[in-house]
Amino acid sequence: MIGALAAMTVLSAATPPQVARPQPVIVIRAIDDPARVHVRDEQLAAHIAFVETHFARYAMAGPILDEGGAMIGSLFILHAADEADARAFMADEPYVVHGLYGSLEYQTVRPAAGSWIGGVIWPPAGAGD
């Protein structure tokens with residue numbers, strides 16, 4: 001853990017590189033319906049198969065955890081043309097089909113900075129010095 005923190009400190013001290021502006025992504029916050037949590041176990045194999053089949057559509061996906069570490073939902077970051085495309089894609093997701101989620105929130109996001117995109121989309125401070 002200390003090594004990881006030291007690495008983060010070293011990375012954060014460096015001037016980030018400027019990168020090309022990535023395409024927007026659709027962030028989906030899906031919170032489980034407490035009355036339907038059984039669906040998570042029942043549809044796990046189908047969910048994993050769906051994710052693996054459509055792997056390239058995901059920038060990132062994973063469970064949302066409560067403070068105790070229990071799964072309470074899912075976060076999906078999708079490569080999609082727009083929100084309608086993301087909604088159509090998610091309509092076939094087994095957890096959605098079988099009613100696991102009590103709420104699904106969709107938001108378009110333009111990545112602008114961070115290790116995920118490899119830098120920042122603006123000229124870094126001091127880059128022209």
# chains A, B, ... in the order shown; residues from 1 in each chain; ligands from 1
>>> residues_around(residues="Arg36 in chain A", least_positions_apart="4", cutoff="9 Å", atoms="only C-alpha atoms", output="ChimeraX atom specification")
/A:32,40,98-102
>>> residues_around(residues="Ala81 in chain A", least_positions_apart="5", cutoff="9 Å", atoms="only C-alpha atoms", output="PyMOL selection string")
chain A and resi 24-26+86
>>> write_last_selection(atoms="N, CA and C atoms", output="compact mmCIF listing (two decimals), in the first residue's frame")
# COMPACT_ATOMS: atom_id res chain seq x y z
N PRO A 24 -16.80 11.70 -25.92
CA PRO A 24 -17.59 11.57 -24.70
C PRO A 24 -17.97 10.11 -24.44
N VAL A 25 -18.20 9.81 -23.19
CA VAL A 25 -18.67 8.49 -22.77
C VAL A 25 -19.98 8.68 -22.03
N ILE A 26 -20.71 7.60 -21.88
CA ILE A 26 -21.94 7.63 -21.10
C ILE A 26 -21.68 6.90 -19.79
N ALA A 86 -26.78 4.28 -25.64
CA ALA A 86 -26.46 3.61 -24.37
C ALA A 86 -27.70 2.94 -23.79
>>> closest_residue(among="A:Ala20, A:Ala35, A:Leu75, A:Ala59", to="Tyr106 in chain A", atoms="only C-alpha atoms")
A:Leu75
>>> closest_residue(among="A:Leu104, A:Pro17, A:Asp41, A:Gln23", to="Ser74 in chain A", atoms="only C-alpha atoms")
A:Leu104
>>> closest_residue(among="A:Gly114, A:Glu93, A:Pro16, A:Ile31", to="Thr53 in chain A", atoms="only C-alpha atoms")
A:Glu93
>>> residues_around(residues="Ala46 in chain A", least_positions_apart="4", cutoff="9 Å", atoms="only C-alpha atoms", output="ChimeraX atom specification")
/A:42,50-51,93-95
>>> residues_around(residues="Gly119 in chain A", least_positions_apart="5", cutoff="12 Å", atoms="only C-alpha atoms", output="PyMOL selection string")
chain A and resi 11-12+14-22+111-114+124
>>> select_by_dssp(residues="chain A", states="strand (DSSP E)", output="PyMOL selection string")
chain A and resi 25-32+58-65+71-78+101-109+113-114+119-120
>>> write_last_selection(atoms="C-alpha atoms", output="PDB file, in the first residue's frame")
ATOM      1  CA  VAL A  25     -18.670   8.495 -22.774  1.00  0.00           C
ATOM      2  CA  ILE A  26     -21.944   7.626 -21.105  1.00  0.00           C
ATOM      3  CA  VAL A  27     -21.716   7.026 -17.362  1.00  0.00           C
ATOM      4  CA  ILE A  28     -24.488   4.843 -15.975  1.00  0.00           C
ATOM      5  CA  ARG A  29     -25.094   4.585 -12.237  1.00  0.00           C
ATOM      6  CA  ALA A  30     -27.346   1.594 -11.609  1.00  0.00           C
ATOM      7  CA  ILE A  31     -28.578   1.054  -8.045  1.00  0.00           C
ATOM      8  CA  ASP A  32     -30.034  -2.311  -7.029  1.00  0.00           C
ATOM      9  CA  TYR A  58     -17.035  -0.649 -21.926  1.00  0.00           C
ATOM     10  CA  ALA A  59     -14.461   1.939 -20.906  1.00  0.00           C
ATOM     11  CA  MET A  60     -14.990   0.567 -17.396  1.00  0.00           C
ATOM     12  CA  ALA A  61     -17.579  -1.395 -15.467  1.00  0.00           C
ATOM     13  CA  GLY A  62     -17.790  -2.662 -11.911  1.00  0.00           C
ATOM     14  CA  PRO A  63     -19.897  -3.030  -8.801  1.00  0.00           C
ATOM     15  CA  ILE A  64     -20.772  -0.123  -6.535  1.00  0.00           C
ATOM     16  CA  LEU A  65     -20.029  -1.064  -2.933  1.00  0.00           C
ATOM     17  CA  MET A  71     -22.555  -4.748  -3.737  1.00  0.00           C
ATOM     18  CA  ILE A  72     -25.413  -2.267  -4.008  1.00  0.00           C
ATOM     19  CA  GLY A  73     -25.303  -1.463  -7.702  1.00  0.00           C
ATOM     20  CA  SER A  74     -23.129  -1.139 -10.773  1.00  0.00           C
ATOM     21  CA  LEU A  75     -21.218   1.624 -12.529  1.00  0.00           C
ATOM     22  CA  PHE A  76     -20.846   1.404 -16.284  1.00  0.00           C
ATOM     23  CA  ILE A  77     -18.830   3.768 -18.460  1.00  0.00           C
ATOM     24  CA  LEU A  78     -19.813   3.059 -22.054  1.00  0.00           C
ATOM     25  CA  TYR A 101     -31.858  -2.180 -10.743  1.00  0.00           C
ATOM     26  CA  GLY A 102     -34.292   0.117  -8.974  1.00  0.00           C
ATOM     27  CA  SER A 103     -32.750   3.125 -10.685  1.00  0.00           C
ATOM     28  CA  LEU A 104     -30.588   3.801 -13.709  1.00  0.00           C
ATOM     29  CA  GLU A 105     -29.055   7.254 -14.188  1.00  0.00           C
ATOM     30  CA  TYR A 106     -27.407   8.148 -17.499  1.00  0.00           C
ATOM     31  CA  GLN A 107     -24.995  11.038 -17.931  1.00  0.00           C
ATOM     32  CA  THR A 108     -22.806  12.101 -20.846  1.00  0.00           C
ATOM     33  CA  VAL A 109     -19.258  12.938 -19.746  1.00  0.00           C
ATOM     34  CA  ALA A 113      -7.973  14.793 -17.248  1.00  0.00           C
ATOM     35  CA  GLY A 114      -6.558  11.782 -15.493  1.00  0.00           C
ATOM     36  CA  GLY A 119      -3.005  13.185 -19.342  1.00  0.00           C
ATOM     37  CA  VAL A 120      -5.001  16.371 -19.806  1.00  0.00           C
TER      38      VAL A 120
END
>>> select_by_dssp(residues="chain A", states="helix (DSSP H, G or I)", output="JSON list (two decimals) with C-alpha atoms, in the first residue's frame")
[["chain", "number", "residue", "atom", "x", "y", "z"],
["A", 2, "ILE", "CA", 2.79, 2.43, 0.87],
["A", 3, "GLY", "CA", 4.46, 1.68, -2.46],
["A", 4, "ALA", "CA", 1.23, 2.47, -4.31],
["A", 5, "LEU", "CA", 0.88, 5.75, -2.42],
["A", 6, "ALA", "CA", 4.49, 6.64, -3.19],
["A", 7, "ALA", "CA", 3.92, 5.87, -6.87],
["A", 8, "MET", "CA", 0.81, 8.09, -6.88],
["A", 9, "THR", "CA", 2.84, 10.90, -5.30],
["A", 10, "VAL", "CA", 5.53, 10.56, -7.96],
["A", 11, "LEU", "CA", 2.94, 10.48, -10.74],
["A", 12, "SER", "CA", 1.11, 13.50, -9.36],
["A", 13, "ALA", "CA", 4.34, 15.52, -9.15],
["A", 34, "PRO", "CA", -33.40, -4.08, -2.52],
["A", 35, "ALA", "CA", -36.34, -6.39, -3.27],
["A", 36, "ARG", "CA", -34.56, -7.76, -6.37],
["A", 38, "HIS", "CA", -31.50, -12.17, -5.75],
["A", 39, "VAL", "CA", -31.27, -11.33, -9.46],
["A", 40, "ARG", "CA", -27.56, -10.50, -9.06],
["A", 41, "ASP", "CA", -26.70, -14.14, -8.23],
["A", 42, "GLU", "CA", -29.30, -15.65, -10.56],
["A", 44, "LEU", "CA", -24.36, -13.41, -12.80],
["A", 45, "ALA", "CA", -23.25, -15.88, -15.50],
["A", 46, "ALA", "CA", -25.43, -14.17, -18.13],
["A", 47, "HIS", "CA", -24.22, -10.73, -17.02],
["A", 48, "ILE", "CA", -20.56, -11.77, -17.27],
["A", 49, "ALA", "CA", -21.15, -13.35, -20.68],
["A", 50, "PHE", "CA", -22.82, -10.11, -21.87],
["A", 51, "VAL", "CA", -19.93, -7.97, -20.62],
["A", 52, "GLU", "CA", -17.34, -10.26, -22.22],
["A", 53, "THR", "CA", -19.26, -10.37, -25.51],
["A", 55, "PHE", "CA", -16.11, -5.87, -23.97],
["A", 56, "ALA", "CA", -15.12, -3.11, -26.41],
["A", 57, "ARG", "CA", -18.22, -1.06, -25.54],
["A", 83, "GLU", "CA", -27.57, 8.46, -24.45],
["A", 84, "ALA", "CA", -30.17, 6.81, -26.70],
["A", 85, "ASP", "CA", -27.52, 4.38, -27.96],
["A", 86, "ALA", "CA", -26.46, 3.61, -24.37],
["A", 87, "ARG", "CA", -30.08, 3.03, -23.31],
["A", 88, "ALA", "CA", -30.67, 0.69, -26.25],
["A", 89, "PHE", "CA", -27.49, -1.23, -25.42],
["A", 90, "MET", "CA", -28.37, -1.52, -21.73],
["A", 94, "PRO", "CA", -29.28, -9.32, -18.24],
["A", 95, "TYR", "CA", -29.41, -7.40, -14.94],
["A", 96, "VAL", "CA", -31.62, -4.79, -16.63],
["A", 97, "VAL", "CA", -33.77, -7.38, -18.43]]
>>> decode(residues="range 104-125 of chain A", atoms="N, CA, C and O atoms", output="PDB file, in the first residue's frame")
ATOM      1  N   LEU A 104     -31.669   3.686 -12.727  1.00  0.00           N
ATOM      2  CA  LEU A 104     -30.588   3.801 -13.709  1.00  0.00           C
ATOM      3  C   LEU A 104     -30.469   5.272 -14.069  1.00  0.00           C
ATOM      4  O   LEU A 104     -31.430   5.881 -14.524  1.00  0.00           O
ATOM      5  N   GLU A 105     -29.297   5.847 -13.843  1.00  0.00           N
ATOM      6  CA  GLU A 105     -29.055   7.254 -14.188  1.00  0.00           C
ATOM      7  C   GLU A 105     -28.011   7.300 -15.292  1.00  0.00           C
ATOM      8  O   GLU A 105     -26.947   6.699 -15.164  1.00  0.00           O
ATOM      9  N   TYR A 106     -28.308   8.022 -16.356  1.00  0.00           N
ATOM     10  CA  TYR A 106     -27.407   8.148 -17.499  1.00  0.00           C
ATOM     11  C   TYR A 106     -26.885   9.583 -17.555  1.00  0.00           C
ATOM     12  O   TYR A 106     -27.653  10.532 -17.397  1.00  0.00           O
ATOM     13  N   GLN A 107     -25.589   9.710 -17.817  1.00  0.00           N
ATOM     14  CA  GLN A 107     -24.995  11.038 -17.931  1.00  0.00           C
ATOM     15  C   GLN A 107     -23.882  11.007 -18.967  1.00  0.00           C
ATOM     16  O   GLN A 107     -23.032  10.116 -18.943  1.00  0.00           O
ATOM     17  N   THR A 108     -23.884  11.973 -19.871  1.00  0.00           N
ATOM     18  CA  THR A 108     -22.806  12.101 -20.846  1.00  0.00           C
ATOM     19  C   THR A 108     -21.655  12.862 -20.197  1.00  0.00           C
ATOM     20  O   THR A 108     -21.874  13.896 -19.558  1.00  0.00           O
ATOM     21  N   VAL A 109     -20.447  12.336 -20.348  1.00  0.00           N
ATOM     22  CA  VAL A 109     -19.258  12.938 -19.746  1.00  0.00           C
ATOM     23  C   VAL A 109     -18.166  13.029 -20.809  1.00  0.00           C
ATOM     24  O   VAL A 109     -17.960  12.086 -21.568  1.00  0.00           O
ATOM     25  N   ARG A 110     -17.480  14.172 -20.842  1.00  0.00           N
ATOM     26  CA  ARG A 110     -16.303  14.306 -21.700  1.00  0.00           C
ATOM     27  C   ARG A 110     -15.070  14.178 -20.826  1.00  0.00           C
ATOM     28  O   ARG A 110     -14.774  15.071 -20.039  1.00  0.00           O
ATOM     29  N   PRO A 111     -14.334  13.077 -20.937  1.00  0.00           N
ATOM     30  CA  PRO A 111     -13.105  12.940 -20.152  1.00  0.00           C
ATOM     31  C   PRO A 111     -12.148  14.083 -20.493  1.00  0.00           C
ATOM     32  O   PRO A 111     -11.940  14.399 -21.663  1.00  0.00           O
ATOM     33  N   ALA A 112     -11.580  14.709 -19.455  1.00  0.00           N
ATOM     34  CA  ALA A 112     -10.709  15.856 -19.676  1.00  0.00           C
ATOM     35  C   ALA A 112      -9.347  15.724 -19.003  1.00  0.00           C
ATOM     36  O   ALA A 112      -8.402  16.389 -19.409  1.00  0.00           O
ATOM     37  N   ALA A 113      -9.239  14.910 -17.955  1.00  0.00           N
ATOM     38  CA  ALA A 113      -7.973  14.793 -17.248  1.00  0.00           C
ATOM     39  C   ALA A 113      -7.931  13.480 -16.480  1.00  0.00           C
ATOM     40  O   ALA A 113      -8.961  12.993 -16.026  1.00  0.00           O
ATOM     41  N   GLY A 114      -6.742  12.950 -16.342  1.00  0.00           N
ATOM     42  CA  GLY A 114      -6.558  11.782 -15.493  1.00  0.00           C
ATOM     43  C   GLY A 114      -5.720  10.703 -16.132  1.00  0.00           C
ATOM     44  O   GLY A 114      -5.439  10.715 -17.330  1.00  0.00           O
ATOM     45  N   SER A 115      -5.327   9.748 -15.293  1.00  0.00           N
ATOM     46  CA  SER A 115      -4.495   8.651 -15.776  1.00  0.00           C
ATOM     47  C   SER A 115      -5.253   7.771 -16.761  1.00  0.00           C
ATOM     48  O   SER A 115      -4.653   7.166 -17.649  1.00  0.00           O
ATOM     49  N   TRP A 116      -6.568   7.706 -16.628  1.00  0.00           N
ATOM     50  CA  TRP A 116      -7.392   6.879 -17.526  1.00  0.00           C
ATOM     51  C   TRP A 116      -7.222   7.323 -18.977  1.00  0.00           C
ATOM     52  O   TRP A 116      -7.124   6.508 -19.880  1.00  0.00           O
ATOM     53  N   ILE A 117      -7.163   8.660 -19.222  1.00  0.00           N
ATOM     54  CA  ILE A 117      -6.993   9.141 -20.591  1.00  0.00           C
ATOM     55  C   ILE A 117      -5.525   9.455 -20.899  1.00  0.00           C
ATOM     56  O   ILE A 117      -5.192   9.826 -22.011  1.00  0.00           O
ATOM     57  N   GLY A 118      -4.668   9.325 -19.899  1.00  0.00           N
ATOM     58  CA  GLY A 118      -3.244   9.477 -20.126  1.00  0.00           C
ATOM     59  C   GLY A 118      -2.699  10.885 -20.028  1.00  0.00           C
ATOM     60  O   GLY A 118      -1.583  11.156 -20.455  1.00  0.00           O
ATOM     61  N   GLY A 119      -3.480  11.809 -19.481  1.00  0.00           N
ATOM     62  CA  GLY A 119      -3.005  13.185 -19.342  1.00  0.00           C
ATOM     63  C   GLY A 119      -4.150  14.152 -19.200  1.00  0.00           C
ATOM     64  O   GLY A 119      -5.165  13.849 -18.565  1.00  0.00           O
ATOM     65  N   VAL A 120      -3.986  15.313 -19.849  1.00  0.00           N
ATOM     66  CA  VAL A 120      -5.001  16.371 -19.806  1.00  0.00           C
ATOM     67  C   VAL A 120      -5.273  16.839 -21.229  1.00  0.00           C
ATOM     68  O   VAL A 120      -4.416  16.691 -22.108  1.00  0.00           O
ATOM     69  N   ILE A 121      -6.444  17.417 -21.477  1.00  0.00           N
ATOM     70  CA  ILE A 121      -6.772  17.840 -22.837  1.00  0.00           C
ATOM     71  C   ILE A 121      -6.349  19.279 -23.127  1.00  0.00           C
ATOM     72  O   ILE A 121      -6.482  19.736 -24.242  1.00  0.00           O
ATOM     73  N   TRP A 122      -5.829  19.981 -22.150  1.00  0.00           N
ATOM     74  CA  TRP A 122      -5.370  21.355 -22.336  1.00  0.00           C
ATOM     75  C   TRP A 122      -3.849  21.381 -22.263  1.00  0.00           C
ATOM     76  O   TRP A 122      -3.224  20.451 -21.763  1.00  0.00           O
ATOM     77  N   PRO A 123      -3.244  22.460 -22.752  1.00  0.00           N
ATOM     78  CA  PRO A 123      -1.780  22.555 -22.619  1.00  0.00           C
ATOM     79  C   PRO A 123      -1.410  22.653 -21.133  1.00  0.00           C
ATOM     80  O   PRO A 123      -1.891  23.545 -20.447  1.00  0.00           O
ATOM     81  N   PRO A 124      -0.594  21.716 -20.635  1.00  0.00           N
ATOM     82  CA  PRO A 124      -0.239  21.739 -19.209  1.00  0.00           C
ATOM     83  C   PRO A 124       0.532  23.013 -18.850  1.00  0.00           C
ATOM     84  O   PRO A 124       1.258  23.566 -19.678  1.00  0.00           O
ATOM     85  N   ALA A 125       0.364  23.454 -17.614  1.00  0.00           N
ATOM     86  CA  ALA A 125       1.095  24.609 -17.118  1.00  0.00           C
ATOM     87  C   ALA A 125       2.591  24.346 -17.274  1.00  0.00           C
ATOM     88  O   ALA A 125       3.072  23.257 -16.948  1.00  0.00           O
TER      89      ALA A 125
END
